[in-house]
>>> print(open('upload.cif').read())   # mmCIF, C-alpha atoms
data_run
loop_
_atom_site.label_atom_id
_atom_site.label_comp_id
_atom_site.auth_asym_id
_atom_site.auth_seq_id
_atom_site.Cartn_x
_atom_site.Cartn_y
_atom_site.Cartn_z
CA MET A 1 -10.24 19.03 10.31
CA ASN A 2 -10.15 16.16 7.79
CA TRP A 3 -8.90 12.66 8.62
CA TRP A 4 -6.37 12.94 5.77
CA ASN A 5 -4.52 16.19 5.11
CA PRO A 6 -2.31 16.07 2.00
CA ARG A 7 0.06 18.73 0.71
CA PHE A 8 0.79 19.49 -2.96
CA GLU A 9 3.54 21.51 -4.58
CA ASP A 10 1.11 23.76 -6.48
CA SER A 11 3.76 26.01 -8.04
CA SER A 12 5.64 23.02 -9.44
CA ILE A 13 2.74 21.05 -10.89
CA GLY A 14 1.76 23.51 -13.63
CA PRO A 15 4.91 23.25 -15.78
CA TYR A 16 4.77 19.46 -15.69
CA VAL A 17 1.11 19.42 -16.73
CA LEU A 18 1.91 21.75 -19.64
CA LYS A 19 4.80 19.48 -20.63
CA ALA A 20 2.45 16.49 -20.72
CA VAL A 21 -0.12 18.38 -22.80
CA ASN A 22 2.41 19.82 -25.23
CA GLU A 23 4.01 16.44 -25.90
CA HIS A 24 0.63 15.03 -27.02
CA LYS A 25 1.39 11.67 -25.46
CA PHE A 26 -0.49 11.29 -22.22
CA SER A 27 -0.32 7.51 -21.74
CA GLU A 28 3.17 6.28 -20.83
CA GLY A 29 4.83 9.45 -22.05
CA SER A 30 8.17 10.87 -20.97
CA LEU A 31 6.93 11.99 -17.53
CA ALA A 32 5.64 8.55 -16.60
CA VAL A 33 8.93 7.01 -17.68
CA TYR A 34 10.90 9.68 -15.80
CA PHE A 35 8.92 9.09 -12.62
CA GLN A 36 9.32 5.32 -12.67
CA GLU A 37 13.07 5.69 -13.25
CA ARG A 38 13.36 8.10 -10.32
CA MET A 39 11.31 5.77 -8.14
CA ALA A 40 13.58 2.84 -8.95
CA LYS A 41 16.61 4.90 -7.99
CA ALA A 42 15.00 6.22 -4.79
CA LEU A 43 13.97 2.72 -3.70
CA LYS A 44 17.38 1.28 -4.67
CA VAL A 45 15.81 -1.34 -6.92
CA GLU A 46 16.70 -2.28 -10.49
CA HIS A 47 13.33 -1.92 -12.21
CA ALA A 48 10.02 -0.08 -11.72
CA VAL A 49 6.82 -0.19 -13.77
CA ALA A 50 4.27 2.63 -13.53
CA LEU A 51 0.66 1.41 -13.48
CA ASN A 52 -2.81 2.88 -13.07
CA SER A 53 -3.35 1.78 -9.44
CA GLY A 54 -1.85 -0.17 -6.58
CA SER A 55 -4.52 -2.85 -7.07
CA SER A 56 -3.49 -3.16 -10.73
CA ALA A 57 0.12 -3.48 -9.61
CA LEU A 58 -0.83 -6.48 -7.47
CA ALA A 59 -2.73 -8.12 -10.32
CA VAL A 60 0.08 -7.47 -12.81
CA GLY A 61 2.61 -8.80 -10.29
CA MET A 62 0.70 -12.04 -9.86
CA LEU A 63 0.32 -12.50 -13.61
CA ALA A 64 4.07 -11.98 -14.05
CA LEU A 65 4.72 -14.57 -11.33
CA GLY A 66 2.64 -17.09 -13.24
CA VAL A 67 -0.41 -17.25 -10.98
CA LYS A 68 -3.22 -19.10 -12.75
CA PRO A 69 -6.90 -19.78 -12.03
CA GLY A 70 -7.19 -22.21 -9.13
CA ASP A 71 -3.81 -21.36 -7.60
CA GLU A 72 -3.86 -20.35 -3.95
CA VAL A 73 -2.55 -17.00 -2.75
CA ILE A 74 -2.07 -16.38 0.98
CA LEU A 75 -2.85 -12.92 2.36
CA PRO A 76 -3.80 -11.41 5.72
CA ASP A 77 -7.42 -10.98 6.75
CA ARG A 78 -6.68 -7.35 7.63
CA THR A 79 -5.99 -5.41 4.47
CA TRP A 80 -7.80 -3.21 1.98
CA ILE A 81 -10.19 -5.31 -0.12
CA GLY A 82 -8.15 -4.47 -3.23
CA THR A 83 -5.55 -7.05 -2.19
CA ALA A 84 -8.13 -9.84 -2.23
CA HIS A 85 -9.90 -8.50 -5.30
CA ALA A 86 -6.65 -8.58 -7.28
CA VAL A 87 -6.38 -12.29 -6.46
CA LYS A 88 -9.99 -12.92 -7.45
CA LEU A 89 -9.62 -10.86 -10.63
CA ILE A 90 -7.16 -13.34 -12.13
CA GLY A 91 -9.13 -16.37 -10.96
CA ALA A 92 -6.86 -17.42 -8.10
CA VAL A 93 -8.09 -18.43 -4.63
CA PRO A 94 -7.43 -16.03 -1.72
CA VAL A 95 -6.42 -17.92 1.43
CA LEU A 96 -6.81 -15.73 4.50
CA VAL A 97 -4.69 -15.85 7.66
CA ASP A 98 -5.05 -14.02 10.95
CA VAL A 99 -2.89 -11.09 12.01
CA GLN A 100 -0.68 -10.55 15.04
CA GLU A 101 -2.23 -9.75 18.40
CA ASP A 102 -0.63 -6.32 18.77
CA ARG A 103 -0.20 -5.21 15.14
CA PRO A 104 -2.51 -5.70 12.13
CA LEU A 105 0.13 -7.61 10.16
CA MET A 106 -0.01 -11.22 8.99
CA ASP A 107 0.90 -13.83 11.58
CA ILE A 108 3.67 -15.84 9.91
CA ARG A 109 2.90 -18.87 12.08
CA ALA A 110 -0.58 -18.86 10.54
CA VAL A 111 0.97 -18.51 7.08
CA GLU A 112 3.05 -21.66 7.57
CA LYS A 113 -0.08 -23.64 8.55
CA ALA A 114 -1.99 -22.33 5.52
CA ILE A 115 0.53 -23.48 2.90
CA THR A 116 -0.64 -26.31 0.62
CA ASP A 117 0.54 -27.87 -2.63
CA LYS A 118 -1.60 -25.28 -4.43
CA THR A 119 0.05 -22.24 -2.81
CA LYS A 120 1.67 -20.15 -5.53
CA VAL A 121 2.23 -16.77 -3.88
CA ILE A 122 2.27 -15.19 -0.42
CA ILE A 123 1.28 -11.52 -0.14
CA PRO A 124 2.63 -9.85 3.02
CA VAL A 125 0.83 -6.53 3.49
CA HIS A 126 2.91 -3.79 5.13
CA LEU A 127 -0.20 -2.05 6.40
CA ASN A 128 0.19 1.62 7.36
CA GLY A 129 3.94 1.47 6.78
CA PHE A 130 4.40 -1.21 9.45
CA ALA A 131 6.87 -3.93 8.43
CA VAL A 132 6.00 -7.60 8.17
CA ASP A 133 8.93 -9.70 9.43
CA MET A 134 10.41 -10.57 6.04
CA GLU A 135 13.47 -12.20 7.65
CA ILE A 136 11.20 -15.04 8.74
CA LEU A 137 8.68 -15.05 5.90
CA LEU A 138 11.10 -15.02 2.97
CA PRO A 139 13.15 -18.11 3.99
CA LEU A 140 9.88 -19.97 4.64
CA ALA A 141 8.60 -19.11 1.16
CA ARG A 142 11.90 -19.93 -0.53
CA HIS A 143 12.06 -23.31 1.23
CA LYS A 144 8.58 -24.13 -0.07
CA GLY A 145 9.22 -22.80 -3.59
CA ILE A 146 6.62 -20.06 -3.17
CA LYS A 147 6.89 -16.56 -4.63
CA VAL A 148 6.52 -13.44 -2.45
CA LEU A 149 4.59 -10.41 -3.72
CA GLU A 150 4.81 -7.53 -1.23
CA ASP A 151 1.79 -5.28 -0.86
CA ALA A 152 3.56 -2.08 0.15
CA CYS A 153 0.74 0.15 -1.10
CA GLN A 154 0.68 1.92 2.29
CA ALA A 155 4.42 1.61 2.90
CA LEU A 156 6.22 3.75 0.34
CA PHE A 157 9.73 4.52 1.69
CA SER A 158 9.17 2.55 4.89
CA ARG A 159 12.21 0.43 5.66
CA ARG A 160 13.32 -2.50 7.78
CA HIS A 161 17.01 -2.98 8.59
CA GLY A 162 17.89 -0.39 5.97
CA GLN A 163 15.98 -2.00 3.10
CA HIS A 164 12.83 -0.48 1.62
CA LEU A 165 9.67 -2.50 2.16
CA GLY A 166 8.51 -3.77 -1.21
CA THR A 167 12.05 -4.46 -2.44
CA VAL A 168 12.68 -7.64 -0.44
CA GLY A 169 10.42 -10.18 -2.18
CA ASP A 170 10.12 -11.08 -5.85
CA ILE A 171 7.91 -8.07 -6.64
CA GLY A 172 6.73 -5.11 -4.55
CA CYS A 173 3.69 -2.92 -5.16
CA TYR A 174 2.95 0.69 -4.14
CA SER A 175 -0.09 2.94 -4.44
CA LEU A 176 -0.24 6.59 -5.51
CA SER A 177 -3.92 7.14 -4.72
CA TRP A 178 -5.24 10.20 -2.97
CA SER A 179 -4.47 9.23 0.64
CA LYS A 180 -0.89 8.08 0.09
CA LEU A 181 2.54 9.59 0.75
CA ILE A 182 2.78 10.59 -2.92
CA CYS A 183 -0.65 11.30 -4.38
CA ALA A 184 -1.34 11.27 -8.12
CA GLY A 185 -5.09 10.86 -7.73
CA GLN A 186 -4.64 7.30 -8.92
CA GLY A 187 -1.59 5.30 -9.82
CA GLY A 188 0.69 2.50 -8.76
CA ILE A 189 4.24 1.22 -9.05
CA ALA A 190 5.51 -2.36 -9.25
CA VAL A 191 9.21 -2.95 -8.58
CA THR A 192 11.58 -5.89 -8.95
CA ASN A 193 15.25 -6.77 -9.28
CA ASP A 194 14.46 -9.56 -11.72
CA PRO A 195 14.84 -8.45 -15.39
CA GLU A 196 12.52 -11.20 -16.67
CA LEU A 197 9.73 -10.21 -14.28
CA PHE A 198 10.25 -6.58 -15.28
CA GLU A 199 9.83 -7.38 -18.97
CA LYS A 200 6.71 -9.42 -18.26
CA MET A 201 5.11 -6.64 -16.19
CA ARG A 202 6.07 -3.99 -18.72
CA LYS A 203 4.23 -5.88 -21.44
CA ILE A 204 1.28 -7.02 -19.32
CA ARG A 205 0.35 -3.39 -18.58
CA HIS A 206 -0.04 -2.80 -22.35
CA HIS A 207 -2.05 -5.82 -23.53
CA GLY A 208 1.07 -7.97 -23.62
CA VAL A 209 2.93 -6.01 -26.30
CA ASP A 210 5.75 -3.50 -26.57
CA ASN A 211 3.65 -1.03 -28.52
CA ALA A 212 0.15 -0.63 -29.91
CA TYR A 213 1.22 -1.67 -33.40
CA ASP A 214 2.66 -5.03 -32.34
CA SER A 215 0.18 -7.61 -33.59
CA SER A 216 1.87 -10.75 -32.29
CA TRP A 217 -0.32 -10.91 -29.16
CA GLY A 218 2.14 -13.40 -27.72
CA GLN A 219 1.46 -12.57 -24.08
CA PHE A 220 -1.70 -11.92 -22.12
CA GLY A 221 -2.16 -8.39 -20.81
CA PHE A 222 -4.59 -5.54 -20.33
CA ASN A 223 -4.69 -1.75 -20.21
CA PHE A 224 -2.99 -1.03 -16.89
CA ARG A 225 -1.19 2.06 -18.17
CA TRP A 226 -0.58 5.25 -16.21
CA THR A 227 -0.80 8.78 -17.64
CA ASP A 228 1.59 11.72 -17.83
CA ILE A 229 -1.07 13.99 -16.31
CA GLN A 230 -0.92 11.91 -13.14
CA ALA A 231 2.87 11.80 -13.31
CA ALA A 232 2.80 15.62 -13.43
CA LEU A 233 1.23 15.53 -9.95
CA ALA A 234 3.63 12.91 -8.60
CA VAL A 235 7.02 14.16 -9.82
CA PRO A 236 7.11 17.36 -7.71
CA GLN A 237 6.04 15.44 -4.60
CA LEU A 238 8.88 12.98 -5.02
CA GLY A 239 11.25 15.93 -4.85
CA VAL A 240 10.08 16.86 -1.33
CA VAL A 241 9.23 13.41 -0.02
CA ASP A 242 11.89 13.50 2.73
CA ARG A 243 10.24 16.62 4.18
CA ASP A 244 6.82 14.96 4.10
CA ILE A 245 8.13 11.77 5.70
CA ALA A 246 9.66 13.82 8.52
CA ARG A 247 6.30 15.52 9.16
CA LEU A 248 4.43 12.19 9.26
CA LYS A 249 6.93 10.77 11.73
CA GLU A 250 6.89 13.89 13.91
CA ASN A 251 3.10 13.98 14.14
CA HIS A 252 2.86 10.26 14.81
CA ALA A 253 5.46 10.45 17.59
CA ARG A 254 3.48 13.30 19.15
CA TYR A 255 0.35 11.14 19.15
CA VAL A 256 2.18 8.12 20.58
CA GLU A 257 3.77 10.13 23.40
CA ALA A 258 0.30 11.31 24.43
CA ASP A 259 -0.58 7.70 25.36
CA ILE A 260 -4.08 7.76 23.90
CA GLY A 261 -4.11 4.31 22.26
CA VAL A 262 -2.09 4.94 19.09
CA ILE A 263 -0.26 1.92 17.66
CA PRO A 264 3.47 2.78 17.75
CA THR A 265 6.09 2.05 15.13
CA GLU A 266 8.69 -0.59 15.91
CA SER A 267 11.57 1.56 14.68
CA GLY A 268 12.38 4.94 13.23
CA GLU A 269 12.65 3.31 9.81
CA GLU A 270 8.91 2.72 9.50
CA VAL A 271 6.89 5.55 7.94
CA PRO A 272 3.51 5.67 9.73
CA LEU A 273 1.30 6.86 6.88
CA TYR A 274 -1.73 7.11 9.16
CA THR A 275 -2.19 7.49 12.90
CA SER A 276 -3.88 4.23 13.76
CA CYS A 277 -5.65 4.23 17.12
CA LEU A 278 -7.45 1.54 19.13
CA SER A 279 -10.43 2.06 21.41
CA LYS A 280 -12.96 -0.36 22.86
CA ARG A 281 -15.45 2.53 22.57
CA ARG A 282 -14.37 3.41 19.05
CA ASP A 283 -17.73 4.36 17.57
CA GLU A 284 -18.55 6.59 20.53
CA LEU A 285 -15.14 8.25 20.34
CA VAL A 286 -15.35 8.81 16.58
CA LYS A 287 -18.75 10.47 17.00
CA PHE A 288 -17.44 12.57 19.89
CA LEU A 289 -14.57 13.82 17.76
CA GLY A 290 -16.81 14.34 14.73
CA ASP A 291 -19.10 16.59 16.78
CA ARG A 292 -16.01 18.75 17.32
CA ASP A 293 -15.18 18.87 13.60
CA ILE A 294 -12.35 16.39 13.98
CA GLY A 295 -12.59 13.92 11.14
CA CYS A 296 -11.62 10.28 11.71
CA ARG A 297 -11.82 7.21 9.54
CA VAL A 298 -13.28 3.97 10.82
CA LEU A 299 -11.33 1.08 9.35
CA TRP A 300 -12.86 -1.30 6.82
CA PRO A 301 -14.35 -4.72 7.69
CA SER A 302 -12.07 -7.73 7.69
CA ILE A 303 -11.75 -9.58 4.38
CA HIS A 304 -13.46 -12.76 5.61
CA THR A 305 -16.76 -10.86 5.90
CA SER A 306 -16.85 -10.14 2.16
CA PRO A 307 -19.32 -12.33 0.23
CA ALA A 308 -16.96 -12.17 -2.76
CA VAL A 309 -14.10 -13.68 -0.76
CA GLY A 310 -15.48 -15.22 2.41
CA SER A 311 -14.12 -17.78 4.82
CA ASP A 312 -15.50 -20.03 7.54
CA GLU A 313 -12.25 -19.76 9.53
CA LYS A 314 -11.97 -17.79 12.76
CA PHE A 315 -9.80 -14.66 12.89
CA PRO A 316 -9.91 -13.38 16.49
CA ASN A 317 -7.11 -10.83 16.19
CA SER A 318 -8.42 -9.52 12.91
CA ASP A 319 -11.91 -9.21 14.42
CA ARG A 320 -10.52 -7.14 17.29
CA PHE A 321 -8.85 -4.66 14.95
CA ALA A 322 -12.01 -4.48 12.84
CA GLN A 323 -13.99 -3.51 15.95
CA GLU A 324 -11.52 -1.16 17.64
CA GLU A 325 -9.21 0.43 15.05
CA PHE A 326 -9.65 3.84 13.44
CA TYR A 327 -7.49 6.63 12.02
CA LEU A 328 -7.02 9.94 13.77
CA PRO A 329 -6.32 13.00 11.57
CA SER A 330 -3.13 12.32 9.63
CA GLY A 331 -1.19 13.57 6.63
CA HIS A 332 1.91 15.60 5.91
CA ALA A 333 -0.03 18.91 5.90
CA LEU A 334 -1.34 18.40 9.45
CA ALA A 335 0.09 21.08 11.72
CA SER A 336 1.46 20.37 15.21
CA GLU A 337 -1.22 22.51 16.81
CA ASP A 338 -3.89 20.41 15.08
CA VAL A 339 -2.34 17.26 16.53
CA ASP A 340 -2.44 18.86 19.98
CA SER A 341 -6.12 19.74 19.51
CA VAL A 342 -6.93 16.14 18.60
CA ILE A 343 -5.01 14.81 21.62
CA SER A 344 -6.88 17.20 23.93
CA ALA A 345 -10.23 16.09 22.53
CA VAL A 346 -9.41 12.38 22.90
CA ARG A 347 -8.27 12.94 26.48
CA GLU A 348 -11.49 14.81 27.20
CA PHE A 349 -13.46 11.79 25.97
CA GLN A 350 -11.33 9.35 27.96
CA GLY A 351 -11.91 11.43 31.11
#
>>> encode(input="upload.cif", output="structure tokens")
Amino acid sequence: MNWWNPRFEDSSIGPYVLKAVNEHKFSEGSLAVYFQERMAKALKVEHAVALNSGSSALAVGMLALGVKPGDEVILPDRTWIGTAHAVKLIGAVPVLVDVQEDRPLMDIRAVEKAITDKTKVIIPVHLNGFAVDMEILLPLARHKGIKVLEDACQALFSRRHGQHLGTVGDIGCYSLSWSKLICAGQGGIAVTNDPELFEKMRKIRHHGVDNAYDSSWGQFGFNFRWTDIQAALAVPQLGVVDRDIARLKENHARYVEADIGVIPTESGEEVPLYTSCLSKRRDELVKFLGDRDIGCRVLWPSIHTSPAVGSDEKFPNSDRFAQEEFYLPSGHALASEDVDSVISAVREFQG
């Protein structure tokens, strides 16, 4: 049993792939445009820009928001390294803050203390579909004149108080990589309600121009484009996403009810992409499950341990999650009986 179990609409993918091939325009063709338009509608946001990864979406979002070398960008110490690397890529300075004691989400009290005159952007990371408290963060940022770029790469279609995560701040970013709700192999989406930011992002993804024959080079950009082949994988999945969300929620609730250390959602609006579990004997438990062909994923180190980012600050809550957190088998193709098998094995270990 793998730690991530995706499901694809095999019968639907073929016609879309043939459409992409027959149109002879793989990069930003009609399918990519169609997908980003459908995503904007589904997320109830004005504009969406398809990009080649969630990490690229973060970088493009910061460039559109005017982040320059030397500017400070606040982000949580618990996140995928891509969040910090996007900051470093454009020459900005990542400023790390600790996470909450009970959930691996940025502590907004720590954010307030970390703000300086150099702070340009705050990146709340809705890790695993769990919602950062935007009702507190957004007024704080607005009061300080700071932009908010939501990292919702793991939170596609998660909501808080009826609003999709990633659509609350100035720009929101999503990932379409292999272990996400919608998997295109690689890909990303950046969304905004601001038409000027949309135009900036649209051009940034294509070397700063509207088309390849525009020689004005008036805006900085790079090749962040997505392909129609990847869109051919994503479009059919968007059509059944409600079914897949229901399966993720059902499996997660089953794990939580078993009382084996799974971090619960705060509301039925959150989409728990993965089943995140805590154990003081994590490494022993992961090995125990692995010996029974139950795949788990040990979570990545905290950002402050990276030589490329680094920090001399202390992050006690982040350190705890780094030592105890792991993912049990997850995914919208995971059957209920598989969940029960995992629960039984964990209980056997716990005695």
>>> residues_around(input="upload.cif", residues="A:Trp226", least_positions_apart="5", cutoff="8 Å", atoms="only C-alpha atoms", output="PyMOL selection string")
chain A and resi 27-28+32+50-52+187+231
>>> residues_around(input="upload.cif", residues="A:Val346", least_positions_apart="2", cutoff="10 Å", atoms="all atoms listed in the file", output="PyMOL selection string")
chain A and resi 258+260-261+285-286+288-289+328+340-344+348-351
>>> residues_around(input="upload.cif", residues="A:Lys88", least_positions_apart="4", cutoff="10 Å", atoms="only C-alpha atoms", output="list in words")
Ala59, Pro69, Gly70, Val73, Gly82, Thr83, Ala84, Ala92, Val93, Pro94, Ala308 and Val309 of chain A
>>> residues_around(input="upload.cif", residues="stretch 207-213 of chain A", least_positions_apart="3", cutoff="12 Å", atoms="only C-alpha atoms", output="list in words")
Ser27, Glu28, Val60, Leu63, Ala64, Glu199, Lys200, Met201, Arg202, Lys203, Ile204, Ser216, Trp217, Gly218, Gln219, Phe220, Gly221, Phe222, Asn223, Phe224 and Arg225 of chain A
>>> closest_residue(input="upload.cif", among="A:Glu250, A:Asp102, A:Glu46, A:Glu284", to="A:Ile263", atoms="only C-alpha atoms")
A:Asp102
>>> atom_distance(input="upload.cif", atom1="atom CA of A:Trp3", atom2="atom CA of A:Gly290")
10.1 Å
>>> closest_residue(input="upload.cif", among="A:Thr265, A:Asn2, A:Ser311, A:Gln230", to="A:Ile182", atoms="all atoms listed in the file")
A:Gln230
>>> residues_near_point(input="upload.cif", point="(-3.5, -25.9, -3.6)", cutoff="12 Å", atoms="all atoms listed in the file", output="MDAnalysis selection string")
chainID A and resid 67:74 92:95 114:121 146
>>> write_last_selection(input="upload.cif", atoms="C-alpha atoms", output="PDB file, keeping the file's coordinate frame")
ATOM      1  CA  VAL A  67      -0.410 -17.250 -10.980  1.00  0.00           C
ATOM      2  CA  LYS A  68      -3.220 -19.100 -12.750  1.00  0.00           C
ATOM      3  CA  PRO A  69      -6.900 -19.780 -12.030  1.00  0.00           C
ATOM      4  CA  GLY A  70      -7.190 -22.210  -9.130  1.00  0.00           C
ATOM      5  CA  ASP A  71      -3.810 -21.360  -7.600  1.00  0.00           C
ATOM      6  CA  GLU A  72      -3.860 -20.350  -3.950  1.00  0.00           C
ATOM      7  CA  VAL A  73      -2.550 -17.000  -2.750  1.00  0.00           C
ATOM      8  CA  ILE A  74      -2.070 -16.380   0.980  1.00  0.00           C
ATOM      9  CA  ALA A  92      -6.860 -17.420  -8.100  1.00  0.00           C
ATOM     10  CA  VAL A  93      -8.090 -18.430  -4.630  1.00  0.00           C
ATOM     11  CA  PRO A  94      -7.430 -16.030  -1.720  1.00  0.00           C
ATOM     12  CA  VAL A  95      -6.420 -17.920   1.430  1.00  0.00           C
ATOM     13  CA  ALA A 114      -1.990 -22.330   5.520  1.00  0.00           C
ATOM     14  CA  ILE A 115       0.530 -23.480   2.900  1.00  0.00           C
ATOM     15  CA  THR A 116      -0.640 -26.310   0.620  1.00  0.00           C
ATOM     16  CA  ASP A 117       0.540 -27.870  -2.630  1.00  0.00           C
ATOM     17  CA  LYS A 118      -1.600 -25.280  -4.430  1.00  0.00           C
ATOM     18  CA  THR A 119       0.050 -22.240  -2.810  1.00  0.00           C
ATOM     19  CA  LYS A 120       1.670 -20.150  -5.530  1.00  0.00           C
ATOM     20  CA  VAL A 121       2.230 -16.770  -3.880  1.00  0.00           C
ATOM     21  CA  ILE A 146       6.620 -20.060  -3.170  1.00  0.00           C
TER      22      ILE A 146
END
>>> closest_residue(input="upload.cif", among="A:His304, A:Asp151, A:Ala246, A:Phe198", to="A:Ser175", atoms="all atoms listed in the file")
A:Asp151
>>> atom_distance(input="upload.cif", atom1="atom CA of A:Arg7", atom2="atom CA of A:Gln163")
26.2 Å
>>> atom_distance(input="upload.cif", atom1="atom CA of A:Arg347", atom2="atom CA of A:Val298")
18.7 Å
>>> residues_around(input="upload.cif", residues="A:Ser330", least_positions_apart="3", cutoff="9 Å", atoms="all atoms listed in the file", output="list in words")
Asn2, Trp3, Trp4, Asn5, Pro6, Leu248, Asn251, His252, Leu273, Tyr274, Thr275, Cys296, Tyr327, Ala333, Leu334 and Val339 of chain A
>>> write_last_selection(input="upload.cif", atoms="C-alpha atoms", output="CSV table (one decimal), in the coordinates of the input")
chain,number,residue,atom,x,y,z
A,2,ASN,CA,-10.2,16.2,7.8
A,3,TRP,CA,-8.9,12.7,8.6
A,4,TRP,CA,-6.4,12.9,5.8
A,5,ASN,CA,-4.5,16.2,5.1
A,6,PRO,CA,-2.3,16.1,2.0
A,248,LEU,CA,4.4,12.2,9.3
A,251,ASN,CA,3.1,14.0,14.1
A,252,HIS,CA,2.9,10.3,14.8
A,273,LEU,CA,1.3,6.9,6.9
A,274,TYR,CA,-1.7,7.1,9.2
A,275,THR,CA,-2.2,7.5,12.9
A,296,CYS,CA,-11.6,10.3,11.7
A,327,TYR,CA,-7.5,6.6,12.0
A,333,ALA,CA,0.0,18.9,5.9
A,334,LEU,CA,-1.3,18.4,9.4
A,339,VAL,CA,-2.3,17.3,16.5
>>> closest_residue(input="upload.cif", among="A:Ile81, A:Ala184, A:Ala20, A:Met1", to="A:Pro307", atoms="all atoms listed in the file")
A:Ile81
>>> resolve_selection(input="upload.cif", expression="the PyMOL selection byres ((chain A and resi 162) around 12)", output="PyMOL selection string")
chain A and resi 43-44+131+157-161+163-165+167-168+267-270
